[in-house]
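Comments concern the structure below.
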Amino acid sequence: VFLFSVRTLVEEHTVKHYSDKIQSYTNDMLTSSRSTIKQAFTPMTVDEIMVKLKFQKGIYAPGTTKDQIVSDEMSFHEQVLKKKIDEPKGMILRHKEFNDDTYKLANATLLSLVRNKELDGILHAITQIEKNWNQRYHYPMTFINEEEFTEEFKSKVAAAWSGPVYFELIPPEIWNKPSNINPAKEKKGIERLTSMGVQYAGMDSYHNMCRFNSGWFYRLEGLKKFKYYWRVEPDVDFFCRVDYDLFRFMEDNELTYGFTISLYDSPWTIETLWPTTLKFISENPQYVHPNGAFKWLTENQQNPENTKNAQGYSTCHFWSNFEIGDMDFYRGEAYSKWFDSLEDAGGFYYERWGDAPVHSVGLGLFEDKSKIWWFRDIGYHHSPYVNSPNSDKCDDKPGYFAPEDVYDQNCLPNWIKFEMTVEQLERY
Ligand code: GDP
Ligand code: MN
């Protein structure tokens with residue numbers, strides 16, 4: 001009954017309906033949905049998984065034009081973001097007083113893989129996080145690089161950050177291309193990507209970066225002691241004040257991963273990621289979580305050519321230049337074994353598998369989607385996309401997403417409609 005009702009809501013597909021209908025839900029229904037999610041993890045058979053990974057029921061009638069779909073999705077997006085919000089409701093929140101020396105931080109660090117030449121950009125980003133959040137908490141920040149940071153870099157970021165700062169050098173055997181990569185096959189792959197117009201296709205360091213961010217950063221010596229991370233890139237903006245402890249929020253509410261923006265990806269960068277993954281899960285079905293984000297991963301209506309060219313994967317992902325996550329998820333058996341199979345396949349070099357789709361497919365398949373949180377209250381900008389809440393704590397245009405010509409790249413409405421419960425949507 002609950003699932004049916006959610007689908008009805010999705011089909012009606014306006015937030016107004018969403019919030020009107022929630023009133024009519026009985027508490028019993030919400031309780032039963034919660035207990036469904038919490039029930040023991042009984043593995044599915046390969047056949048059951050494959051049924052879930054076939055996108056069967058869309059929202060739009062066949063023949064609906066792309067323009068119509070994109071316009072409907074964007075107005076939904078805007079309606080959700082224009083709802084006035086403050087802090088999440090019905091969740092455990094901790095607020096540290098500025099001078100409270102007894103406050104217990106989570107075991108966490110902010111994290112930036114960054115180059116010396118990006119010093120100004122990273123100062124731009126961390127200054128805003130300081131002002132809008134960290135000046136209250138003084139969490140540590142870890143800067144990572146495959147080259148030594150300069151003295152200037154170290155002293156300037158240390159001066160801009162109120163918590164401890166750490167600098168971590170990536171060993172070459174972690175950063176560099178692994179020896180199983182076949183140079184002839186790699187060259188052919190890069191030529192193909194270049195002909196498809198894929199950005200950074202021929203840039204070795206970009207491939208290294210994507211692989212490192214996908215499956216290696218959390219294994220660095222200096223990161224082993226931490227459980228939670230918050231990834232920060234140069235030149236991004238954080239334009240809303242957040243008073244509660246975001247890391248304790250993850251911990252206290254037993255969340256695995258938090259994001260702000262969800263997008264489609266270029267299918268040519270990940271042509272074989274999905275088939276490689278299907279092979280892995282057909283051999284290891286026990287890792288697939290029955291409450292995975294299957295529809296978001298396989299949707300095929302807004303950009304059907306993406307799903308086709310990525311061989312069944314919608315290419316929808318959490319945009320990983322912002323992410324707050326629990327590294328123990330990546331360190332766990334499911335993600336680790338799956339990541340090993342990705343390394344064997346070599347797609348970080350034969351194609352240009354990005355850490356965003358890799359994290360997202362891993363989370364969407366191997367984690368309970370109720371542990372994945374859309375941080376609707378974090379105002380975030382990485383060009384050209386924005387998560388822009390309607391809150392007194394922000395200083396930007398509520399609901400703004402991006403220039404119109406990239407509206408079709410937005411996958412957040414799919415996440416909200418397919419993978420969030422009404423209860424979760426009502427938490428802001
Ligand atoms: P884009 O957002 O996909 O265009 O990629 P970016 O250029 O923003 O790179 C993603 C992140 O990786 C940023 O934090 C960069 O600073 C970092 N990054 C990219 N390439 C390198 C590299 O070769 N070395 C280091 N240390 N960091 C890199
Ligand atoms: Mn970037």
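Scheme for the structure tokens: letters A, B, ... for chains in order shown; per-chain residue numbers from 1; ligand numbers from 1 in order shown.
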
Practice problem: Let me have all residues with an atom within 8 Å of ligand 1, counting only C-alpha atoms and all ligand atoms, laid out as a list of chain:residue names. | Solution: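 Listing the residues within 8 Å of ligand 1 gives A:Ser112, A:Leu113, A:Val114, A:Arg115, A:Asn116, A:Glu118, A:Ile144, A:Asn145, A:Glu146, A:Glu147, A:Ser205, A:Tyr206, A:Asn208, A:Met209, A:Cys210, A:Val232, A:Glu233, A:Pro234, A:Asn321, A:His382.
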
What would the file look like if the residues just selected were written as a CSV table (one decimal), in the first residue's frame with N, CA and C atoms?
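Once everything was written out, this is part32.csv:
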```csv
chain,number,residue,atom,x,y,z
A,112,SER,N,40.9,17.5,1.1
A,112,SER,CA,41.0,18.1,-0.3
A,112,SER,C,42.2,17.5,-1.0
A,113,LEU,N,42.0,16.9,-2.1
A,113,LEU,CA,43.0,16.5,-3.1
A,113,LEU,C,43.2,17.8,-3.9
A,114,VAL,N,44.4,18.3,-3.9
A,114,VAL,CA,44.6,19.7,-4.5
A,114,VAL,C,46.0,19.9,-4.9
A,115,ARG,N,46.3,20.7,-5.9
A,115,ARG,CA,47.6,21.0,-6.4
A,115,ARG,C,48.1,22.4,-5.9
A,116,ASN,N,49.4,22.5,-5.8
A,116,ASN,CA,49.9,23.8,-5.3
A,116,ASN,C,49.4,25.0,-6.0
A,118,GLU,N,46.6,25.5,-7.1
A,118,GLU,CA,45.2,25.8,-6.8
A,118,GLU,C,45.1,26.4,-5.4
A,144,ILE,N,45.7,16.7,0.5
A,144,ILE,CA,46.4,15.5,-0.2
A,144,ILE,C,47.0,15.9,-1.5
A,145,ASN,N,48.1,15.4,-1.8
A,145,ASN,CA,48.8,15.7,-3.1
A,145,ASN,C,49.8,14.6,-3.5
A,146,GLU,N,50.0,14.4,-4.8
A,146,GLU,CA,51.0,13.4,-5.2
A,146,GLU,C,52.4,14.1,-5.2
A,147,GLU,N,52.4,15.4,-5.1
A,147,GLU,CA,53.7,16.2,-5.0
A,147,GLU,C,53.7,16.9,-3.6
A,205,SER,N,46.9,12.5,-15.7
A,205,SER,CA,46.7,12.8,-14.3
A,205,SER,C,45.2,12.8,-13.9
A,206,TYR,N,44.3,13.1,-14.9
A,206,TYR,CA,42.9,13.1,-14.6
A,206,TYR,C,42.4,11.7,-14.3
A,208,ASN,N,44.3,9.3,-13.2
A,208,ASN,CA,44.8,8.9,-11.9
A,208,ASN,C,44.0,9.4,-10.8
A,209,MET,N,43.6,10.7,-10.9
A,209,MET,CA,42.8,11.4,-9.9
A,209,MET,C,41.4,10.6,-9.7
A,210,CYS,N,40.8,10.3,-10.9
A,210,CYS,CA,39.5,9.6,-10.7
A,210,CYS,C,39.6,8.3,-10.1
A,232,VAL,N,36.3,18.6,-0.3
A,232,VAL,CA,36.3,20.0,-0.7
A,232,VAL,C,37.2,20.2,-1.9
A,233,GLU,N,36.7,20.9,-2.9
A,233,GLU,CA,37.5,21.3,-4.1
A,233,GLU,C,37.8,22.7,-4.1
A,234,PRO,N,38.8,23.1,-4.9
A,234,PRO,CA,39.1,24.5,-5.1
A,234,PRO,C,37.9,25.2,-5.8
A,321,ASN,N,32.2,16.2,-6.1
A,321,ASN,CA,33.1,17.3,-5.6
A,321,ASN,C,32.6,17.8,-4.3
A,382,HIS,N,29.4,24.5,-7.5
A,382,HIS,CA,30.6,24.2,-8.3
A,382,HIS,C,30.2,24.4,-9.7
```

Self-check item: Residues near Leu263 in chain A, cut-off 6 Å, only C-alpha atoms, skip fewer than 4 positions along chain, as a list in words
Solution: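 Residues near the query, excluding close chain neighbours: Cys316, His317, Gln409, Asn410 and Cys411 of chain A.
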
For the residues in that selection, give me N, CA and C atoms as a compact mmCIF listing (two decimals), in the first residue's frame.
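Final file, result-v7.txt:
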```
# COMPACT_ATOMS: atom_id res chain seq x y z
N CYS A 316 23.08 8.55 -13.79
CA CYS A 316 22.81 9.45 -12.66
C CYS A 316 23.78 9.17 -11.50
N HIS A 317 24.29 10.24 -10.94
CA HIS A 317 25.28 10.08 -9.86
C HIS A 317 25.18 11.23 -8.88
N GLN A 409 20.59 18.01 -17.55
CA GLN A 409 21.60 17.22 -16.83
C GLN A 409 21.22 16.97 -15.37
N ASN A 410 20.11 17.52 -14.94
CA ASN A 410 19.73 17.42 -13.53
C ASN A 410 19.05 16.09 -13.23
N CYS A 411 19.59 15.33 -12.31
CA CYS A 411 18.96 14.05 -11.95
C CYS A 411 18.39 14.05 -10.53
```

Practice problem: Apply DSSP to the backbone of this structure and, from range 237-407 of chain A, keep only the residues in alpha helix (DSSP H); write these as number ranges by chain. | Solution: A: 246-252, 273-283, 294-298, 304-309, 327-331, 333-345, 347-350, 355-366

Quiz item: With distances taken over only C-alpha atoms and all ligand atoms, which of A:Tyr400, A:Tyr385, A:Tyr139, A:Phe418 is nearest to ligand 2?
Solution: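 Once distances to ligand 2 are computed over only C-alpha atoms and all ligand atoms, the minimum belongs to A:Tyr385.
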
Applying 10 Å and only C-alpha atoms, which residues near Leu273 in chain A remain after dropping the ones on its own chain fewer than 3 positions away? List them as an mmCIF file with C-alpha atoms, in the first residue's frame.
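File out.cif, as written:
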```cif
data_model
loop_
_atom_site.group_PDB
_atom_site.id
_atom_site.type_symbol
_atom_site.label_atom_id
_atom_site.label_comp_id
_atom_site.auth_asym_id
_atom_site.auth_seq_id
_atom_site.Cartn_x
_atom_site.Cartn_y
_atom_site.Cartn_z
ATOM 1 C CA PRO A 267 28.015 7.760 -21.067
ATOM 2 C CA THR A 269 33.307 7.864 -19.994
ATOM 3 C CA ILE A 270 31.647 4.795 -18.461
ATOM 4 C CA THR A 276 31.395 -4.903 -15.463
ATOM 5 C CA THR A 277 29.277 -4.310 -12.371
ATOM 6 C CA LEU A 278 26.506 -6.671 -13.486
ATOM 7 C CA ALA A 310 26.012 3.239 -20.719
ATOM 8 C CA GLN A 311 24.355 -0.158 -21.330
ATOM 9 C CA GLY A 312 21.640 0.059 -18.713
ATOM 10 C CA TYR A 313 22.965 2.638 -16.252
ATOM 11 C CA THR A 315 24.505 7.658 -15.566
ATOM 12 C CA LEU A 342 36.806 -2.513 -11.511
ATOM 13 C CA ALA A 345 38.661 -4.360 -15.833
ATOM 14 C CA GLY A 346 40.858 -1.263 -16.221
ATOM 15 C CA GLY A 347 38.100 1.207 -17.100
ATOM 16 C CA PHE A 348 39.776 4.061 -15.224
ATOM 17 C CA GLU A 351 37.617 4.703 -20.503
ATOM 18 C CA ARG A 352 37.499 7.557 -18.019
ATOM 19 C CA TRP A 353 35.460 6.164 -15.160
ATOM 20 C CA GLY A 354 34.830 8.978 -12.724
ATOM 21 C CA PRO A 357 29.616 7.346 -10.897
ATOM 22 C CA VAL A 358 31.794 4.795 -9.099
ATOM 23 C CA VAL A 361 26.869 2.887 -8.281
#
```
